[in-house]
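Here's work.cif, which has mmCIF, C-alpha atoms:
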data_query
loop_
_atom_site.label_atom_id
_atom_site.label_comp_id
_atom_site.auth_asym_id
_atom_site.auth_seq_id
_atom_site.Cartn_x
_atom_site.Cartn_y
_atom_site.Cartn_z
CA MET A 1 -20.33 -19.41 30.62
CA THR A 2 -17.77 -16.99 29.18
CA GLN A 3 -19.25 -13.97 27.47
CA PRO A 4 -18.04 -13.27 23.92
CA PHE A 5 -15.31 -10.67 23.50
CA SER A 6 -13.68 -9.03 20.51
CA ILE A 7 -11.59 -6.05 19.46
CA ALA A 8 -10.95 -3.94 16.37
CA ILE A 9 -8.35 -1.26 15.69
CA HIS A 10 -7.59 1.28 12.99
CA GLY A 11 -4.56 3.30 11.97
CA GLY A 12 -6.27 5.89 9.78
CA ALA A 13 -8.33 6.01 6.58
CA GLY A 14 -8.05 7.87 3.30
CA THR A 15 -6.22 7.60 0.00
CA ILE A 16 -3.70 4.80 0.38
CA LEU A 17 -1.94 4.00 -2.89
CA ARG A 18 -0.91 0.41 -3.66
CA GLU A 19 1.60 1.51 -6.27
CA GLN A 20 3.58 3.51 -3.70
CA MET A 21 3.40 0.93 -0.93
CA ARG A 22 6.88 -0.56 -0.70
CA ASP A 23 6.99 -4.16 0.51
CA GLU A 24 9.17 -3.20 3.47
CA LEU A 25 6.80 -0.43 4.59
CA LYS A 26 3.74 -2.62 4.09
CA ALA A 27 5.27 -5.37 6.20
CA SER A 28 6.11 -2.87 8.96
CA ILE A 29 2.59 -1.41 8.99
CA LEU A 30 0.92 -4.84 9.00
CA ALA A 31 3.18 -5.98 11.85
CA ASP A 32 2.27 -2.89 13.92
CA LEU A 33 -1.45 -3.40 13.30
CA GLU A 34 -1.26 -7.03 14.34
CA ALA A 35 0.81 -6.20 17.43
CA SER A 36 -1.74 -3.56 18.40
CA VAL A 37 -4.82 -5.75 18.09
CA CYS A 38 -3.05 -8.63 19.87
CA ALA A 39 -2.04 -6.35 22.76
CA GLY A 40 -5.66 -5.38 23.29
CA TYR A 41 -6.91 -8.93 22.84
CA LYS A 42 -4.50 -10.17 25.50
CA VAL A 43 -6.14 -7.87 28.05
CA LEU A 44 -9.59 -9.13 27.04
CA SER A 45 -8.56 -12.80 27.13
CA GLU A 46 -7.34 -12.35 30.70
CA SER A 47 -10.79 -11.03 31.69
CA GLY A 48 -9.58 -7.43 31.65
CA ASP A 49 -11.72 -4.36 31.10
CA ALA A 50 -12.54 -3.17 27.58
CA LEU A 51 -11.13 0.28 28.34
CA ASP A 52 -7.74 -1.10 29.34
CA ALA A 53 -7.78 -3.23 26.20
CA VAL A 54 -8.35 -0.32 23.82
CA VAL A 55 -5.75 1.79 25.59
CA ALA A 56 -3.19 -1.04 25.34
CA ALA A 57 -3.94 -1.40 21.63
CA VAL A 58 -3.69 2.32 20.89
CA LYS A 59 -0.42 2.64 22.80
CA VAL A 60 1.25 0.25 20.35
CA LEU A 61 0.22 2.50 17.46
CA GLU A 62 1.25 5.66 19.33
CA ASP A 63 4.71 4.14 19.83
CA SER A 64 5.16 3.48 16.10
CA PRO A 65 6.40 6.13 13.63
CA ASN A 66 4.11 4.59 10.99
CA PHE A 67 0.96 6.31 12.29
CA ASN A 68 -0.12 9.88 12.97
CA ALA A 69 -0.37 9.63 16.75
CA GLY A 70 2.24 9.76 19.48
CA LYS A 71 5.69 9.05 18.01
CA GLY A 72 4.56 9.47 14.39
CA SER A 73 2.52 12.65 14.84
CA VAL A 74 2.50 15.25 12.09
CA LEU A 75 3.94 18.72 12.61
CA THR A 76 2.08 21.99 13.03
CA ASN A 77 2.81 25.18 11.11
CA LYS A 78 5.25 26.08 13.91
CA GLU A 79 7.02 22.71 13.57
CA MET A 80 5.63 21.35 16.82
CA VAL A 81 3.63 18.27 17.66
CA GLU A 82 0.17 18.83 19.18
CA MET A 83 -1.77 15.68 20.00
CA ASP A 84 -5.41 14.91 20.83
CA ALA A 85 -6.97 11.76 22.31
CA SER A 86 -10.13 10.48 23.96
CA VAL A 87 -11.59 7.39 25.60
CA MET A 88 -15.09 6.33 26.56
CA HIS A 89 -16.36 3.48 28.72
CA GLY A 90 -19.86 2.24 27.99
CA LYS A 91 -21.00 1.14 31.44
CA GLU A 92 -21.56 4.57 33.01
CA LEU A 93 -20.89 6.59 29.85
CA ASP A 94 -17.67 7.82 31.46
CA ALA A 95 -15.26 9.65 29.16
CA GLY A 96 -11.92 11.44 29.20
CA ALA A 97 -10.16 13.51 26.58
CA ILE A 98 -7.16 15.76 26.03
CA ALA A 99 -6.23 18.16 23.23
CA GLY A 100 -3.16 20.07 22.12
CA VAL A 101 -0.62 18.29 24.31
CA ARG A 102 3.03 18.51 23.26
CA HIS A 103 5.09 16.59 25.80
CA ILE A 104 3.13 13.41 26.57
CA LYS A 105 4.48 10.19 25.05
CA ASN A 106 1.16 8.32 25.15
CA PRO A 107 -1.78 10.76 25.04
CA ILE A 108 -4.29 7.90 25.20
CA GLU A 109 -3.12 7.05 28.72
CA LEU A 110 -3.62 10.65 29.76
CA ALA A 111 -7.16 10.65 28.34
CA ARG A 112 -7.94 7.58 30.48
CA ASP A 113 -6.54 9.32 33.56
CA VAL A 114 -8.64 12.41 32.89
CA MET A 115 -11.65 10.05 32.97
CA ASN A 116 -10.57 8.15 36.07
CA LYS A 117 -8.74 10.75 38.14
CA SER A 118 -10.45 14.08 37.45
CA ASN A 119 -13.95 15.51 37.60
CA HIS A 120 -13.68 16.62 33.99
CA VAL A 121 -14.04 15.15 30.51
CA LEU A 122 -11.78 17.34 28.37
CA LEU A 123 -8.52 19.09 29.28
CA ILE A 124 -6.41 21.07 26.82
CA GLY A 125 -2.88 22.32 26.26
CA GLU A 126 -0.83 23.45 29.24
CA GLY A 127 -3.60 22.57 31.67
CA ALA A 128 -3.75 19.00 30.41
CA GLU A 129 0.01 18.70 30.79
CA GLU A 130 -0.05 20.24 34.27
CA PHE A 131 -2.59 17.56 35.24
CA ALA A 132 -0.36 14.92 33.65
CA PHE A 133 2.79 15.93 35.50
CA GLU A 134 0.88 16.06 38.80
CA HIS A 135 -0.04 12.43 38.14
CA GLY A 136 3.49 11.22 37.47
CA TYR A 137 3.85 11.59 33.73
CA GLU A 138 7.33 12.21 32.39
CA PHE A 139 8.05 15.29 30.29
CA THR A 140 8.78 14.07 26.77
CA GLU A 141 10.90 16.39 24.61
CA GLN A 142 9.63 17.31 21.14
CA ASP A 143 12.70 15.62 19.68
CA TYR A 144 11.13 12.25 20.51
CA PHE A 145 8.27 12.92 18.11
CA PHE A 146 10.34 14.36 15.25
CA THR A 147 10.66 12.19 12.13
CA ASP A 148 12.14 13.10 8.75
CA ARG A 149 8.97 11.93 7.03
CA ARG A 150 6.73 14.35 8.92
CA TYR A 151 9.18 17.21 8.42
CA ASP A 152 9.25 16.55 4.66
CA GLN A 153 5.46 16.55 4.66
CA LEU A 154 5.32 19.87 6.48
CA LEU A 155 7.74 21.53 4.07
CA SER A 156 5.70 20.27 1.12
CA MET A 157 2.51 21.62 2.66
CA LYS A 158 4.01 25.00 3.49
CA GLU A 159 5.26 25.40 -0.07
CA LYS A 160 1.73 24.89 -1.36
CA GLY A 161 -0.10 26.64 1.48
CA LEU A 162 -2.15 23.51 2.08
CA PHE A 163 -3.48 21.41 4.92
CA ALA A 164 -3.76 18.23 2.83
CA LEU A 165 -1.14 17.05 0.39
CA SER A 166 -1.92 17.44 -3.31
CA GLU A 167 0.82 15.03 -4.33
CA SER A 168 2.19 12.05 -2.52
CA LYS A 169 5.67 10.81 -1.76
CA TYR A 170 4.40 8.15 0.60
CA PRO A 171 1.50 5.75 -0.08
CA ASP A 172 -0.67 7.34 2.60
CA ASP A 173 0.20 11.05 2.46
CA LYS A 174 -3.45 11.71 1.66
CA LYS A 175 -4.62 9.59 4.59
CA TYR A 176 -6.30 11.16 7.60
CA GLY A 177 -4.03 10.12 10.38
CA THR A 178 -5.80 8.89 13.45
CA VAL A 179 -5.52 5.65 15.39
CA GLY A 180 -8.21 4.01 17.45
CA ALA A 181 -9.65 0.88 19.00
CA VAL A 182 -13.03 -0.51 20.09
CA ALA A 183 -13.65 -3.56 22.24
CA LEU A 184 -16.22 -5.72 24.00
CA ASP A 185 -14.96 -7.47 27.13
CA GLN A 186 -16.07 -10.66 28.92
CA HIS A 187 -18.17 -8.60 31.34
CA GLY A 188 -20.24 -7.02 28.58
CA ASN A 189 -18.47 -3.66 28.71
CA LEU A 190 -17.91 -1.71 25.52
CA ALA A 191 -15.13 0.88 25.19
CA ALA A 192 -13.56 3.07 22.54
CA ALA A 193 -10.29 5.02 22.24
CA THR A 194 -8.99 7.44 19.61
CA SER A 195 -5.66 9.29 19.30
CA THR A 196 -4.12 11.61 16.70
CA GLY A 197 -1.45 14.15 15.89
CA GLY A 198 -4.01 16.10 13.87
CA VAL A 199 -3.33 17.53 10.42
CA THR A 200 -0.01 18.64 8.94
CA ASN A 201 0.61 22.40 8.94
CA LYS A 202 -2.31 23.11 11.30
CA LYS A 203 -2.50 26.54 12.95
CA TYR A 204 -4.18 28.32 15.83
CA GLY A 205 -4.43 25.28 18.11
CA ARG A 206 -6.76 23.46 15.73
CA VAL A 207 -8.51 20.46 17.29
CA GLY A 208 -10.26 17.75 15.27
CA ASP A 209 -12.78 15.06 16.10
CA SER A 210 -10.45 12.64 17.88
CA SER A 211 -10.87 14.35 21.26
CA ILE A 212 -14.57 15.09 20.82
CA ILE A 213 -16.90 12.60 22.51
CA GLY A 214 -19.72 11.78 20.12
CA ALA A 215 -17.74 12.81 17.06
CA GLY A 216 -14.56 10.74 17.12
CA THR A 217 -15.27 8.41 20.02
CA TYR A 218 -18.37 6.87 21.59
CA ALA A 219 -19.22 3.79 23.67
CA GLU A 220 -22.47 2.66 25.26
CA ASN A 221 -22.98 -0.73 26.92
CA GLY A 222 -25.69 -2.82 25.34
CA ASN A 223 -25.32 -0.88 22.12
CA VAL A 224 -22.01 -0.05 20.40
CA ALA A 225 -18.47 1.33 20.63
CA VAL A 226 -17.15 3.51 17.79
CA SER A 227 -13.83 5.14 16.84
CA THR A 228 -13.58 7.28 13.71
CA THR A 229 -10.87 8.51 11.37
CA GLY A 230 -11.24 11.11 8.67
CA MET A 231 -11.66 14.78 7.90
CA GLY A 232 -12.14 15.95 11.48
CA GLU A 233 -14.16 19.08 10.75
CA TYR A 234 -16.80 17.05 8.91
CA PHE A 235 -16.86 14.32 11.53
CA ILE A 236 -17.46 16.92 14.23
CA ARG A 237 -20.28 18.57 12.26
CA LYS A 238 -21.98 15.21 11.68
CA THR A 239 -21.24 13.85 15.18
CA VAL A 240 -20.38 10.61 13.41
CA ALA A 241 -19.69 8.27 16.33
CA GLY A 242 -22.78 9.40 18.22
CA ASP A 243 -24.90 9.16 15.09
CA VAL A 244 -24.03 5.48 14.63
CA ALA A 245 -24.96 4.83 18.26
CA ALA A 246 -28.22 6.76 17.91
CA ARG A 247 -29.28 4.88 14.78
CA MET A 248 -28.69 1.60 16.57
CA ARG A 249 -30.45 2.77 19.74
CA TYR A 250 -33.55 4.37 18.23
CA LEU A 251 -33.92 2.83 14.77
CA LYS A 252 -32.72 -0.59 15.92
CA GLU A 253 -30.32 -0.78 12.99
CA ASP A 254 -27.55 -3.37 13.20
CA VAL A 255 -23.94 -2.23 13.44
CA HIS A 256 -23.30 -2.82 9.74
CA THR A 257 -26.32 -0.84 8.52
CA ALA A 258 -25.81 2.06 10.92
CA SER A 259 -22.10 2.39 10.16
CA GLU A 260 -22.51 2.25 6.38
CA THR A 261 -25.48 4.64 6.39
CA VAL A 262 -23.50 7.28 8.24
CA ILE A 263 -20.19 6.92 6.37
CA GLN A 264 -21.67 6.50 2.89
CA GLY A 265 -24.57 8.93 3.40
CA GLU A 266 -24.70 12.61 4.31
CA LEU A 267 -21.10 12.63 5.55
CA LYS A 268 -19.85 11.59 2.11
CA GLU A 269 -22.25 14.00 0.38
CA MET A 270 -20.78 16.85 2.45
CA GLY A 271 -17.30 15.89 1.29
CA GLY A 272 -16.27 14.10 4.48
CA GLU A 273 -13.81 11.36 3.62
CA GLY A 274 -12.80 8.71 6.13
CA GLY A 275 -14.08 5.74 8.03
CA LEU A 276 -14.87 4.15 11.37
CA ILE A 277 -14.59 0.96 13.34
CA ALA A 278 -17.43 -0.33 15.49
CA VAL A 279 -18.27 -3.29 17.71
CA ASP A 280 -21.72 -4.07 19.05
CA ALA A 281 -22.91 -5.66 22.29
CA GLN A 282 -22.63 -9.16 20.79
CA GLY A 283 -19.05 -8.59 19.66
CA GLU A 284 -19.94 -8.13 15.99
CA ILE A 285 -17.31 -5.94 14.30
CA HIS A 286 -17.72 -3.62 11.35
CA PHE A 287 -15.30 -1.46 9.36
CA ALA A 288 -16.86 1.30 7.25
CA MET A 289 -14.98 3.62 4.89
CA ASN A 290 -15.70 5.85 1.90
CA SER A 291 -12.00 6.03 1.02
CA SER A 292 -9.64 3.75 -0.87
CA GLY A 293 -8.22 2.28 2.30
CA MET A 294 -8.04 2.13 6.05
CA TYR A 295 -5.30 0.54 8.13
CA ARG A 296 -7.24 -1.91 10.28
CA ALA A 297 -7.19 -5.17 12.21
CA ALA A 298 -9.58 -7.24 14.29
CA ILE A 299 -9.88 -10.36 16.41
CA ASP A 300 -13.46 -11.58 16.40
CA ILE A 301 -15.44 -13.54 18.99
CA ASP A 302 -14.06 -16.80 17.57
CA GLY A 303 -10.45 -15.61 17.89
CA ASN A 304 -9.93 -15.12 14.16
CA VAL A 305 -7.32 -12.45 13.33
CA SER A 306 -7.62 -10.21 10.27
CA VAL A 307 -5.25 -7.40 9.21
CA LYS A 308 -6.05 -5.28 6.15
CA ILE A 309 -5.15 -2.04 4.38
CA TYR A 310 -7.25 -1.52 1.25
CA ALA A 311 -11.00 -1.04 0.95
CA ASN A 312 -11.43 -3.87 -1.57
CA GLU A 313 -9.86 -6.64 0.52
#

Written form, structure tokens:
Amino acid sequence: MTQPFSIAIHGGAGTILREQMRDELKASILADLEASVCAGYKVLSESGDALDAVVAAVKVLEDSPNFNAGKGSVLTNKEMVEMDASVMHGKELDAGAIAGVRHIKNPIELARDVMNKSNHVLLIGEGAEEFAFEHGYEFTEQDYFFTDRRYDQLLSMKEKGLFALSESKYPDDKKYGTVGAVALDQHGNLAAATSTGGVTNKKYGRVGDSSIIGAGTYAENGNVAVSTTGMGEYFIRKTVAGDVAARMRYLKEDVHTASETVIQGELKEMGGEGGLIAVDAQGEIHFAMNSSGMYRAAIDIDGNVSVKIYANE
């Protein structure tokens, strides 16, 4: 008998304004989300591993300029791209992560290789890239990542001395840009993956929750896989992904209750805006957010596809 399998993905949560969402942009974003979740589902349907499924899904989002990861990453104060990513496989609690890389087209692939081909969990900056090039990665010029939209955002932020936009030109300028995926495969394995370009105008090699196991990413077989998106500093302080897993493990809460309690509870009270995606050991999927929207998509255990943007849909 085939075990149930399912997958969910996100492209970031936060303030996403309907009135500024042009039809053309909306169609492009929805198409990318559907392509991402279908890429991951294809791996699962062919009896592939959950980790490979979430990496395949995240790569689609990293390759799109619509999301703050890979190609669409935001710019630092020095007008560079610095990207973070992590993966976790639930069977042996294996994990891999990278932070502050500048010349890697798909950081999520590098995070998986750190897990599979090194004795470490987290590599940063030049060291992470040295590891990458030793394992056959191509050097990707910064020009590849540069988009007019992100440059306009950076100039706006610099003028105001901010790290989050106070006024929006695009419908999601106030969105916390992270992408991620969670999946349950036919072998009962759970996996999670998260990737980001961080925050616009960041300084000093700032790293958020996306590369932190237990904050932005967590997976544990028999329990849950989680990927988060939001105000990274708060998500690190509340160890959001690990907290969901712990509530399910020790309090025996279901995935819906645990996710909502964490996102709508102390995290929100602290001022931490954002959301998460989670899938449990039975393939049940939940999206939680305390923001007006989250780019998201899922294919459930019955093969039903859903693609959504706003919190109230």

Sorted per-residue table, region 5-82 of chain A near region 199-208 of chain A, closest atoms and distance, 7 Å, all atoms listed in the file, as JSON lines:
{"residue": "A:Val74", "atom": "CA", "partner": "A:Thr200", "partner_atom": "CA", "distance": 5.3}
{"residue": "A:Leu75", "atom": "CA", "partner": "A:Thr200", "partner_atom": "CA", "distance": 5.4}
{"residue": "A:Thr76", "atom": "CA", "partner": "A:Asn201", "partner_atom": "CA", "distance": 4.4}
{"residue": "A:Asn77", "atom": "CA", "partner": "A:Asn201", "partner_atom": "CA", "distance": 4.2}

Item to complete: May I ask which of the residues A:Asp209, A:Val255, A:Tyr250, A:Asn116 is the closest one to Glu233 (chain A), counting all atoms listed in the file?
Response: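 Comparing A:Asp209, A:Val255, A:Tyr250, A:Asn116 against Glu233 (chain A), the winner is A:Asp209.
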
Worksheet item: In Å, how far is it from CA of Met289 (chain A) to CA of Glu266 (chain A)?
Response: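 Going from CA of Met289 (chain A) over to CA of Glu266 (chain A) covers 13.3 Å.
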
Response to the item:
Separating CA of Ala97 (chain A) from CA of Gly125 (chain A), to the nearest tenth of an Å, is a gap of 11.4 Å

Worksheet item: For the file shown, what are the residues hit by the PyMOL selection byres ((chain A and resi 216-219) around 9), laid out as a ChimeraX atom specification?
Response: /A:86-91,93-95,180,182,190-194,208-215,220-221,223-229,232,235-236,239-242,245,276

Discussion item. Which residues are near Phe146 (chain A)? Cut-off 9 Å, all atoms listed in the file, ignore same chain within fewer than 2 positions. Put them as a PyMOL selection string.
Written reply: chain A and resi 71-75+80-81+142-144+148-151

Item to complete: Would you mind listing what lies within 7 Å of Thr196 (chain A) as a VMD selection string, with only C-alpha atoms counted and same-chain residues fewer than 4 positions away left out?
Response: chain A and resid 68 to 69 73 83 to 85 177 to 179 210

If we count only C-alpha atoms and set the cut-off at 12 Å, which residues sit around Tyr295 (chain A), ignoring sequence neighbours fewer than 6 positions away in its own chain? Please answer as a CSV table (one decimal) with C-alpha atoms, in the frame of the given file.
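Okay, out-v1.csv is ready:
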chain,number,residue,atom,x,y,z
A,8,ALA,CA,-11.0,-3.9,16.4
A,9,ILE,CA,-8.4,-1.3,15.7
A,10,HIS,CA,-7.6,1.3,13.0
A,11,GLY,CA,-4.6,3.3,12.0
A,12,GLY,CA,-6.3,5.9,9.8
A,13,ALA,CA,-8.3,6.0,6.6
A,14,GLY,CA,-8.0,7.9,3.3
A,15,THR,CA,-6.2,7.6,0.0
A,16,ILE,CA,-3.7,4.8,0.4
A,26,LYS,CA,3.7,-2.6,4.1
A,28,SER,CA,6.1,-2.9,9.0
A,29,ILE,CA,2.6,-1.4,9.0
A,30,LEU,CA,0.9,-4.8,9.0
A,31,ALA,CA,3.2,-6.0,11.8
A,32,ASP,CA,2.3,-2.9,13.9
A,33,LEU,CA,-1.4,-3.4,13.3
A,34,GLU,CA,-1.3,-7.0,14.3
A,36,SER,CA,-1.7,-3.6,18.4
A,37,VAL,CA,-4.8,-5.8,18.1
A,61,LEU,CA,0.2,2.5,17.5
A,66,ASN,CA,4.1,4.6,11.0
A,67,PHE,CA,1.0,6.3,12.3
A,68,ASN,CA,-0.1,9.9,13.0
A,171,PRO,CA,1.5,5.8,-0.1
A,172,ASP,CA,-0.7,7.3,2.6
A,175,LYS,CA,-4.6,9.6,4.6
A,176,TYR,CA,-6.3,11.2,7.6
A,177,GLY,CA,-4.0,10.1,10.4
A,178,THR,CA,-5.8,8.9,13.4
A,179,VAL,CA,-5.5,5.6,15.4
A,180,GLY,CA,-8.2,4.0,17.4
A,181,ALA,CA,-9.6,0.9,19.0
A,229,THR,CA,-10.9,8.5,11.4
A,274,GLY,CA,-12.8,8.7,6.1
A,275,GLY,CA,-14.1,5.7,8.0
A,276,LEU,CA,-14.9,4.2,11.4
A,277,ILE,CA,-14.6,1.0,13.3
A,287,PHE,CA,-15.3,-1.5,9.4
A,288,ALA,CA,-16.9,1.3,7.2
A,289,MET,CA,-15.0,3.6,4.9
A,306,SER,CA,-7.6,-10.2,10.3
A,307,VAL,CA,-5.2,-7.4,9.2
A,308,LYS,CA,-6.0,-5.3,6.2
A,309,ILE,CA,-5.2,-2.0,4.4
A,310,TYR,CA,-7.2,-1.5,1.2
A,311,ALA,CA,-11.0,-1.0,1.0
A,313,GLU,CA,-9.9,-6.6,0.5

Worksheet entry | Å distance separating CA of Ile108 (chain A) from CA of His187 (chain A), one decimal place |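 According to the coordinates, CA of Ile108 (chain A) and CA of His187 (chain A) are separated by 22.4 Å.
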
Worksheet item: For Pro65 (chain A), which residue among A:Asp113, A:Ile263, A:Thr147, A:Asn119 is the nearest when counting all atoms listed in the file?
Response: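 Nearest candidate to Pro65 (chain A) out of A:Asp113, A:Ile263, A:Thr147, A:Asn119: A:Thr147.
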
Practice prompt. Select, from A:Ala258, A:His120, A:Leu184, A:Arg247, the residue with the minimum atom-to-atom distance to Ile301 (chain A), counting all atoms listed in the file.
Written response: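 Among the listed residues, the smallest separation from Ile301 (chain A) belongs to A:Leu184.
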
Worksheet, complete the sentence: Min atom-atom distance to Ile7 (chain A) from the set A:Val114, A:Val54, A:Val121, A:Ala128, counting only C-alpha atoms, belongs to A:Val54
